[in-house]
>>> print(open('final02.pdb').read())   # PDB, C-alpha atoms
MODEL        1
ATOM      1  CA  MET A  21     -73.737 309.221-162.914  1.00  0.00           C
ATOM      2  CA  SER A  22     -74.283 311.621-160.039  1.00  0.00           C
ATOM      3  CA  LEU A  23     -77.273 311.309-157.754  1.00  0.00           C
ATOM      4  CA  LEU A  24     -79.634 314.264-157.604  1.00  0.00           C
ATOM      5  CA  ASN A  25     -81.005 316.088-154.604  1.00  0.00           C
ATOM      6  CA  GLU A  26     -84.770 316.012-154.191  1.00  0.00           C
ATOM      7  CA  ASP A  27     -85.266 319.533-155.556  1.00  0.00           C
ATOM      8  CA  ASP A  28     -82.934 319.054-158.577  1.00  0.00           C
ATOM      9  CA  ASP A  29     -84.453 318.685-162.041  1.00  0.00           C
ATOM     10  CA  ALA A  30     -84.392 315.234-163.644  1.00  0.00           C
ATOM     11  CA  LEU A  31     -81.681 314.604-166.240  1.00  0.00           C
ATOM     12  CA  PRO A  32     -82.493 314.624-169.973  1.00  0.00           C
ATOM     13  CA  ALA A  33     -82.286 311.243-171.658  1.00  0.00           C
ATOM     14  CA  GLN A  34     -82.153 310.191-175.288  1.00  0.00           C
ATOM     15  CA  VAL A  35     -82.500 306.689-176.708  1.00  0.00           C
ATOM     16  CA  SER A  36     -80.816 305.128-179.729  1.00  0.00           C
ATOM     17  CA  LEU A  37     -81.166 301.646-181.182  1.00  0.00           C
ATOM     18  CA  ASN A  38     -78.248 302.010-183.601  1.00  0.00           C
ATOM     19  CA  SER A  39     -75.739 304.125-181.628  1.00  0.00           C
ATOM     20  CA  TYR A  40     -76.107 307.218-183.813  1.00  0.00           C
ATOM     21  CA  SER A  41     -79.808 308.072-184.366  1.00  0.00           C
ATOM     22  CA  TYR A  42     -81.113 309.444-181.062  1.00  0.00           C
ATOM     23  CA  THR A  43     -84.651 310.401-180.107  1.00  0.00           C
ATOM     24  CA  ASP A  44     -85.576 314.038-179.618  1.00  0.00           C
ATOM     25  CA  LEU A  45     -85.874 315.305-176.072  1.00  0.00           C
ATOM     26  CA  SER A  46     -89.437 315.496-174.802  1.00  0.00           C
ATOM     27  CA  ASP A  47     -91.248 315.552-171.470  1.00  0.00           C
ATOM     28  CA  ASP A  48     -91.166 311.730-171.493  1.00  0.00           C
ATOM     29  CA  THR A  49     -87.401 311.413-171.874  1.00  0.00           C
ATOM     30  CA  TYR A  50     -86.113 312.527-168.500  1.00  0.00           C
ATOM     31  CA  TYR A  51     -84.508 310.275-165.934  1.00  0.00           C
ATOM     32  CA  ARG A  52     -83.958 310.650-162.201  1.00  0.00           C
ATOM     33  CA  PRO A  53     -81.040 308.417-161.150  1.00  0.00           C
ATOM     34  CA  TYR A  54     -81.323 306.556-157.852  1.00  0.00           C
ATOM     35  CA  GLY A  55     -78.725 304.759-155.806  1.00  0.00           C
ATOM     36  CA  ILE A  56     -77.624 303.225-152.515  1.00  0.00           C
ATOM     37  CA  LEU A  57     -75.235 305.009-150.179  1.00  0.00           C
ATOM     38  CA  HIS A  58     -75.591 302.804-147.072  1.00  0.00           C
ATOM     39  CA  VAL A  59     -77.575 299.819-145.755  1.00  0.00           C
ATOM     40  CA  GLN A  60     -78.531 299.380-142.092  1.00  0.00           C
ATOM     41  CA  PRO A  61     -78.308 296.846-140.559  1.00  0.00           C
ATOM     42  CA  SER A  62     -75.617 295.203-142.659  1.00  0.00           C
ATOM     43  CA  SER A  63     -76.286 291.676-141.399  1.00  0.00           C
ATOM     44  CA  GLY A  64     -79.090 289.486-140.112  1.00  0.00           C
ATOM     45  CA  PRO A  65     -80.319 285.926-139.748  1.00  0.00           C
ATOM     46  CA  THR A  66     -81.725 283.894-142.623  1.00  0.00           C
ATOM     47  CA  GLY A  67     -85.470 283.445-142.908  1.00  0.00           C
ATOM     48  CA  GLY A  68     -86.820 286.838-143.983  1.00  0.00           C
ATOM     49  CA  VAL A  69     -86.978 288.359-140.529  1.00  0.00           C
ATOM     50  CA  SER A  70     -84.765 291.450-140.946  1.00  0.00           C
ATOM     51  CA  THR A  71     -86.012 294.837-142.094  1.00  0.00           C
ATOM     52  CA  ILE A  72     -83.314 296.784-143.900  1.00  0.00           C
ATOM     53  CA  ILE A  73     -83.237 300.557-144.300  1.00  0.00           C
ATOM     54  CA  VAL A  74     -81.571 301.524-147.563  1.00  0.00           C
ATOM     55  CA  GLN A  75     -80.070 305.010-147.408  1.00  0.00           C
ATOM     56  CA  GLY A  76     -79.558 306.650-150.781  1.00  0.00           C
ATOM     57  CA  GLN A  77     -81.057 309.206-153.107  1.00  0.00           C
ATOM     58  CA  GLY A  78     -83.584 309.334-155.899  1.00  0.00           C
ATOM     59  CA  PHE A  79     -86.303 307.167-154.327  1.00  0.00           C
ATOM     60  CA  VAL A  80     -89.508 308.557-155.793  1.00  0.00           C
ATOM     61  CA  GLU A  81     -92.924 306.892-155.616  1.00  0.00           C
ATOM     62  CA  GLU A  82     -94.580 306.527-159.002  1.00  0.00           C
ATOM     63  CA  GLU A  83     -97.990 305.170-159.912  1.00  0.00           C
ATOM     64  CA  GLY A  84     -97.777 301.568-161.143  1.00  0.00           C
ATOM     65  CA  VAL A  85     -94.154 301.137-160.015  1.00  0.00           C
ATOM     66  CA  THR A  86     -93.154 298.816-157.169  1.00  0.00           C
ATOM     67  CA  PRO A  87     -89.655 299.370-155.815  1.00  0.00           C
ATOM     68  CA  ARG A  88     -87.615 296.217-155.202  1.00  0.00           C
ATOM     69  CA  CYS A  89     -84.489 295.046-153.386  1.00  0.00           C
ATOM     70  CA  ARG A  90     -82.349 292.307-154.916  1.00  0.00           C
ATOM     71  CA  PHE A  91     -80.032 290.107-152.841  1.00  0.00           C
ATOM     72  CA  GLY A  92     -77.345 288.285-154.812  1.00  0.00           C
ATOM     73  CA  THR A  93     -75.752 288.662-158.231  1.00  0.00           C
ATOM     74  CA  ALA A  94     -77.472 289.155-161.582  1.00  0.00           C
ATOM     75  CA  ALA A  95     -77.069 285.393-162.203  1.00  0.00           C
ATOM     76  CA  ASN A  96     -78.306 284.137-158.803  1.00  0.00           C
ATOM     77  CA  TYR A  97     -80.615 286.325-156.707  1.00  0.00           C
ATOM     78  CA  ALA A  98     -83.773 286.762-154.652  1.00  0.00           C
ATOM     79  CA  ILE A  99     -86.039 289.797-155.105  1.00  0.00           C
ATOM     80  CA  VAL A 100     -88.327 291.315-152.457  1.00  0.00           C
ATOM     81  CA  GLU A 101     -90.682 294.284-152.606  1.00  0.00           C
ATOM     82  CA  ALA A 102     -89.588 297.510-150.947  1.00  0.00           C
ATOM     83  CA  GLU A 103     -91.341 300.566-149.587  1.00  0.00           C
ATOM     84  CA  ILE A 104     -90.208 304.103-150.282  1.00  0.00           C
ATOM     85  CA  LEU A 105     -90.087 306.029-147.009  1.00  0.00           C
ATOM     86  CA  SER A 106     -88.657 309.279-148.382  1.00  0.00           C
ATOM     87  CA  TYR A 107     -86.478 310.583-151.193  1.00  0.00           C
ATOM     88  CA  THR A 108     -83.429 309.270-149.313  1.00  0.00           C
ATOM     89  CA  ARG A 109     -84.784 306.140-147.571  1.00  0.00           C
ATOM     90  CA  MET A 110     -86.304 302.841-148.657  1.00  0.00           C
ATOM     91  CA  ALA A 111     -87.173 299.785-146.543  1.00  0.00           C
ATOM     92  CA  CYS A 112     -87.277 296.110-147.480  1.00  0.00           C
ATOM     93  CA  ARG A 113     -87.239 292.771-145.679  1.00  0.00           C
ATOM     94  CA  THR A 114     -84.672 290.098-146.324  1.00  0.00           C
ATOM     95  CA  PRO A 115     -85.918 287.201-148.473  1.00  0.00           C
ATOM     96  CA  GLU A 116     -87.165 284.028-146.784  1.00  0.00           C
ATOM     97  CA  THR A 117     -84.736 281.929-148.815  1.00  0.00           C
ATOM     98  CA  ILE A 118     -81.388 283.185-150.014  1.00  0.00           C
ATOM     99  CA  PRO A 119     -79.591 282.312-153.232  1.00  0.00           C
ATOM    100  CA  MET A 120     -76.665 280.033-152.442  1.00  0.00           C
ATOM    101  CA  ASN A 121     -74.453 277.795-154.535  1.00  0.00           C
ATOM    102  CA  PRO A 122     -74.220 274.125-153.495  1.00  0.00           C
ATOM    103  CA  THR A 123     -70.730 274.798-152.096  1.00  0.00           C
ATOM    104  CA  SER A 124     -71.746 277.956-150.181  1.00  0.00           C
ATOM    105  CA  ALA A 125     -71.871 278.042-146.402  1.00  0.00           C
ATOM    106  CA  LEU A 126     -73.197 280.510-143.853  1.00  0.00           C
ATOM    107  CA  PRO A 127     -72.367 283.193-143.036  1.00  0.00           C
ATOM    108  CA  ILE A 128     -72.525 284.511-146.589  1.00  0.00           C
ATOM    109  CA  ASP A 129     -72.227 288.089-147.890  1.00  0.00           C
ATOM    110  CA  LEU A 130     -74.558 288.893-150.777  1.00  0.00           C
ATOM    111  CA  PRO A 131     -74.617 292.101-152.829  1.00  0.00           C
ATOM    112  CA  ILE A 132     -77.751 294.208-152.410  1.00  0.00           C
ATOM    113  CA  ALA A 133     -79.218 296.351-155.199  1.00  0.00           C
ATOM    114  CA  VAL A 134     -82.440 298.307-155.688  1.00  0.00           C
ATOM    115  CA  ALA A 135     -84.629 299.074-158.688  1.00  0.00           C
ATOM    116  CA  ASN A 136     -87.463 301.546-159.054  1.00  0.00           C
ATOM    117  CA  SER A 137     -88.936 301.386-162.530  1.00  0.00           C
ATOM    118  CA  ALA A 138     -91.866 299.798-164.318  1.00  0.00           C
ATOM    119  CA  ASP A 139     -89.636 298.134-166.927  1.00  0.00           C
ATOM    120  CA  GLU A 140     -88.944 294.741-165.310  1.00  0.00           C
ATOM    121  CA  PHE A 141     -87.272 296.491-162.376  1.00  0.00           C
ATOM    122  CA  SER A 142     -84.292 297.698-164.320  1.00  0.00           C
ATOM    123  CA  PRO A 143     -81.863 299.369-164.002  1.00  0.00           C
ATOM    124  CA  TRP A 144     -80.539 297.784-160.821  1.00  0.00           C
ATOM    125  CA  THR A 145     -78.090 299.871-158.848  1.00  0.00           C
ATOM    126  CA  LYS A 146     -74.380 299.014-158.834  1.00  0.00           C
ATOM    127  CA  THR A 147     -72.766 299.390-155.419  1.00  0.00           C
ATOM    128  CA  SER A 148     -70.342 297.654-153.140  1.00  0.00           C
ATOM    129  CA  GLN A 149     -73.047 297.285-150.478  1.00  0.00           C
ATOM    130  CA  LYS A 150     -73.503 293.743-149.135  1.00  0.00           C
ATOM    131  CA  PHE A 151     -75.728 292.069-146.596  1.00  0.00           C
ATOM    132  CA  ARG A 152     -74.376 289.246-144.438  1.00  0.00           C
ATOM    133  CA  PHE A 153     -76.772 286.341-143.848  1.00  0.00           C
ATOM    134  CA  TYR A 154     -76.118 283.971-140.938  1.00  0.00           C
ATOM    135  CA  ASP A 155     -77.841 281.263-138.925  1.00  0.00           C
ATOM    136  CA  GLN A 156     -79.125 282.653-135.643  1.00  0.00           C
ATOM    137  CA  PRO A 157     -76.752 281.396-132.929  1.00  0.00           C
ATOM    138  CA  VAL A 158     -78.202 279.139-130.242  1.00  0.00           C
ATOM    139  CA  TYR A 159     -77.130 279.984-126.705  1.00  0.00           C
ATOM    140  CA  ASP A 160     -75.875 277.180-124.479  1.00  0.00           C
ATOM    141  CA  THR A 161     -75.040 279.000-121.268  1.00  0.00           C
ATOM    142  CA  VAL A 162     -75.159 282.521-119.890  1.00  0.00           C
ATOM    143  CA  TYR A 163     -73.260 283.425-116.722  1.00  0.00           C
ATOM    144  CA  PRO A 164     -74.277 285.015-114.444  1.00  0.00           C
ATOM    145  CA  THR A 165     -77.964 284.277-114.882  1.00  0.00           C
ATOM    146  CA  GLU A 166     -78.971 287.387-112.937  1.00  0.00           C
ATOM    147  CA  VAL A 167     -77.417 290.847-112.598  1.00  0.00           C
ATOM    148  CA  GLU A 168     -78.125 293.891-110.490  1.00  0.00           C
ATOM    149  CA  VAL A 169     -79.907 296.700-112.369  1.00  0.00           C
ATOM    150  CA  GLY A 170     -77.721 299.776-112.727  1.00  0.00           C
ATOM    151  CA  LYS A 171     -74.478 297.908-112.040  1.00  0.00           C
ATOM    152  CA  ILE A 172     -72.012 297.163-114.854  1.00  0.00           C
ATOM    153  CA  THR A 173     -71.382 293.416-114.932  1.00  0.00           C
ATOM    154  CA  GLU A 174     -69.505 291.172-117.322  1.00  0.00           C
ATOM    155  CA  VAL A 175     -71.786 288.539-118.830  1.00  0.00           C
ATOM    156  CA  TYR A 176     -70.392 285.440-120.530  1.00  0.00           C
ATOM    157  CA  VAL A 177     -72.424 283.805-123.290  1.00  0.00           C
ATOM    158  CA  SER A 178     -71.429 280.558-124.996  1.00  0.00           C
ATOM    159  CA  ALA A 179     -72.890 279.095-128.149  1.00  0.00           C
ATOM    160  CA  ALA A 180     -74.368 275.616-128.287  1.00  0.00           C
ATOM    161  CA  GLU A 181     -72.573 272.853-130.150  1.00  0.00           C
ATOM    162  CA  ASP A 182     -72.926 273.238-133.958  1.00  0.00           C
ATOM    163  CA  SER A 183     -73.728 276.936-133.446  1.00  0.00           C
ATOM    164  CA  GLU A 184     -71.316 279.830-133.682  1.00  0.00           C
ATOM    165  CA  PHE A 185     -70.925 283.525-133.134  1.00  0.00           C
ATOM    166  CA  PHE A 186     -69.179 285.507-135.841  1.00  0.00           C
ATOM    167  CA  GLU A 187     -67.862 288.987-136.376  1.00  0.00           C
ATOM    168  CA  PRO A 188     -70.471 291.391-137.775  1.00  0.00           C
ATOM    169  CA  MET A 189     -69.749 293.221-141.014  1.00  0.00           C
ATOM    170  CA  PRO A 190     -67.909 296.484-140.389  1.00  0.00           C
ATOM    171  CA  LEU A 191     -69.666 299.683-141.318  1.00  0.00           C
ATOM    172  CA  THR A 192     -67.983 301.364-144.240  1.00  0.00           C
ATOM    173  CA  PRO A 193     -67.838 305.147-144.440  1.00  0.00           C
ATOM    174  CA  LEU A 194     -69.946 306.721-147.149  1.00  0.00           C
ATOM    175  CA  ASP A 195     -68.026 307.544-150.300  1.00  0.00           C
ATOM    176  CA  LEU A 196     -70.071 310.324-151.841  1.00  0.00           C
ATOM    177  CA  SER A 197     -67.552 310.825-154.642  1.00  0.00           C
ATOM    178  CA  ASP A 198     -68.474 307.531-156.368  1.00  0.00           C
ATOM    179  CA  ASP A 199     -70.594 308.380-159.418  1.00  0.00           C
ATOM    180  CA  ASP A 200     -71.435 304.765-160.361  1.00  0.00           C
ATOM    181  CA  TYR A 201     -74.652 304.330-158.364  1.00  0.00           C
ATOM    182  CA  ALA A 202     -77.028 303.263-161.158  1.00  0.00           C
ATOM    183  CA  ASP A 203     -76.702 301.408-164.444  1.00  0.00           C
ATOM    184  CA  ASP A 204     -76.260 303.691-167.443  1.00  0.00           C
TER     185      ASP A 204
ENDMDL
END
>>> encode(input="final02.pdb", output="structure tokens")
Amino acid sequence: MSLLNEDDDALPAQVSLNSYSYTDLSDDTYYRPYGILHVQPSSGPTGGVSTIIVQGQGFVEEEGVTPRCRFGTAANYAIVEAEILSYTRMACRTPETIPMNPTSALPIDLPIAVANSADEFSPWTKTSQKFRFYDQPVYDTVYPTEVEVGKITEVYVSAAEDSEFFEPMPLTPLDLSDDDYADD
């Protein structure tokens, strides 16, 4: 399903409970699809301290509807409230605790999805967007301890024992041709 620009009309929708008898179109049966195109930043420490900006389309504020971000899969997830900033931007904070299996270890990449409806926050978006959670590294040493302002200097940082640095998630280019942004 294609995402709509802000000034595009909503799409007509019909409902059927038996796969052949559909409702008539009315003013109440229109749908504006929403979806994620990009998430920034794509990684952060555990503990609910990161604010994420979700870039997409179709984010519309509605009375009685609280937008949400979901981290994890449909079977194992954490949900946080979000704030709509504009038609193309939404913000949410990472959850304080993240869904992990007993065999999981950090860093861990969890799918991120959004929902913006009054019906139990469904449909959730389907995207390949993920957020990498990690333990904040603890610094052991930094050399040199002082540098001259305005001068380019190499600085060496080492992690404490039982702490590690890791490669951040690469940014993926936007694929605007993908039509599968929201559940049908």
>>> closest_residue(input="final02.pdb", among="A:Val100, A:Val74, A:Val169, A:Cys89", to="Thr117 in chain A", atoms="all atoms listed in the file")
A:Val100
>>> resolve_selection(input="final02.pdb", expression="the PyMOL selection byres ((chain A and resi 75-78) around 9)", output="list in words")
Leu23, Leu24, Asn25, Glu26, Arg52, Pro53, Tyr54, Gly55, Ile56, Leu57, His58, Val59, Gln60, Ile73, Val74, Phe79, Val80, Ser106, Tyr107, Thr108, Arg109, Met110 and Ala111 of chain A
>>> closest_residue(input="final02.pdb", among="A:Thr123, A:Gly84, A:Ala135, A:Arg152", to="Glu101 in chain A", atoms="only C-alpha atoms")
A:Ala135
>>> residues_around(input="final02.pdb", residues="Gly64 in chain A", least_positions_apart="3", cutoff="7 Å", atoms="only C-alpha atoms", output="list in words")
Ser70, Arg152, Phe153 and Tyr154 of chain A
>>> resolve_selection(input="final02.pdb", expression="the PyMOL selection byres ((chain A and resi 156) around 8)", output="VMD selection string")
chain A and resid 65 to 66 154 to 155 157 to 158
>>> closest_residue(input="final02.pdb", among="A:Ile99, A:Val69, A:Ile132, A:Cys112", to="Thr147 in chain A", atoms="all atoms listed in the file")
A:Ile132
>>> axis_aligned_box(input="final02.pdb", around="range 119-129 of chain A", padding_each_side="5 Å", output="AutoDock Vina command-line options")
--center_x -75.2 --center_y 281.1 --center_z -148.8 --size_x 18.9 --size_y 24.0 --size_z 21.5
>>> atom_distance(input="final02.pdb", atom1="CA of Phe151 in chain A", atom2="CA of Ser137 in chain A")
22.7 Å
>>> atom_distance(input="final02.pdb", atom1="CA of Thr145 in chain A", atom2="CA of Pro131 in chain A")
10.4 Å
>>> atom_distance(input="final02.pdb", atom1="CA of Pro115 in chain A", atom2="CA of Phe91 in chain A")
7.9 Å
>>> residues_around(input="final02.pdb", residues="Thr165 in chain A", least_positions_apart="3", cutoff="10 Å", atoms="all atoms listed in the file", output="PyMOL selection string")
chain A and resi 161-162+175-176
>>> resolve_selection(input="final02.pdb", expression="the PyMOL selection byres ((chain A and resi 87) around 7)", output="ChimeraX atom specification")
/A:85-86,88,101-103,135-136
>>> closest_residue(input="final02.pdb", among="A:Asp129, A:Glu116, A:Glu184, A:Glu82", to="Gln149 in chain A", atoms="only C-alpha atoms")
A:Asp129
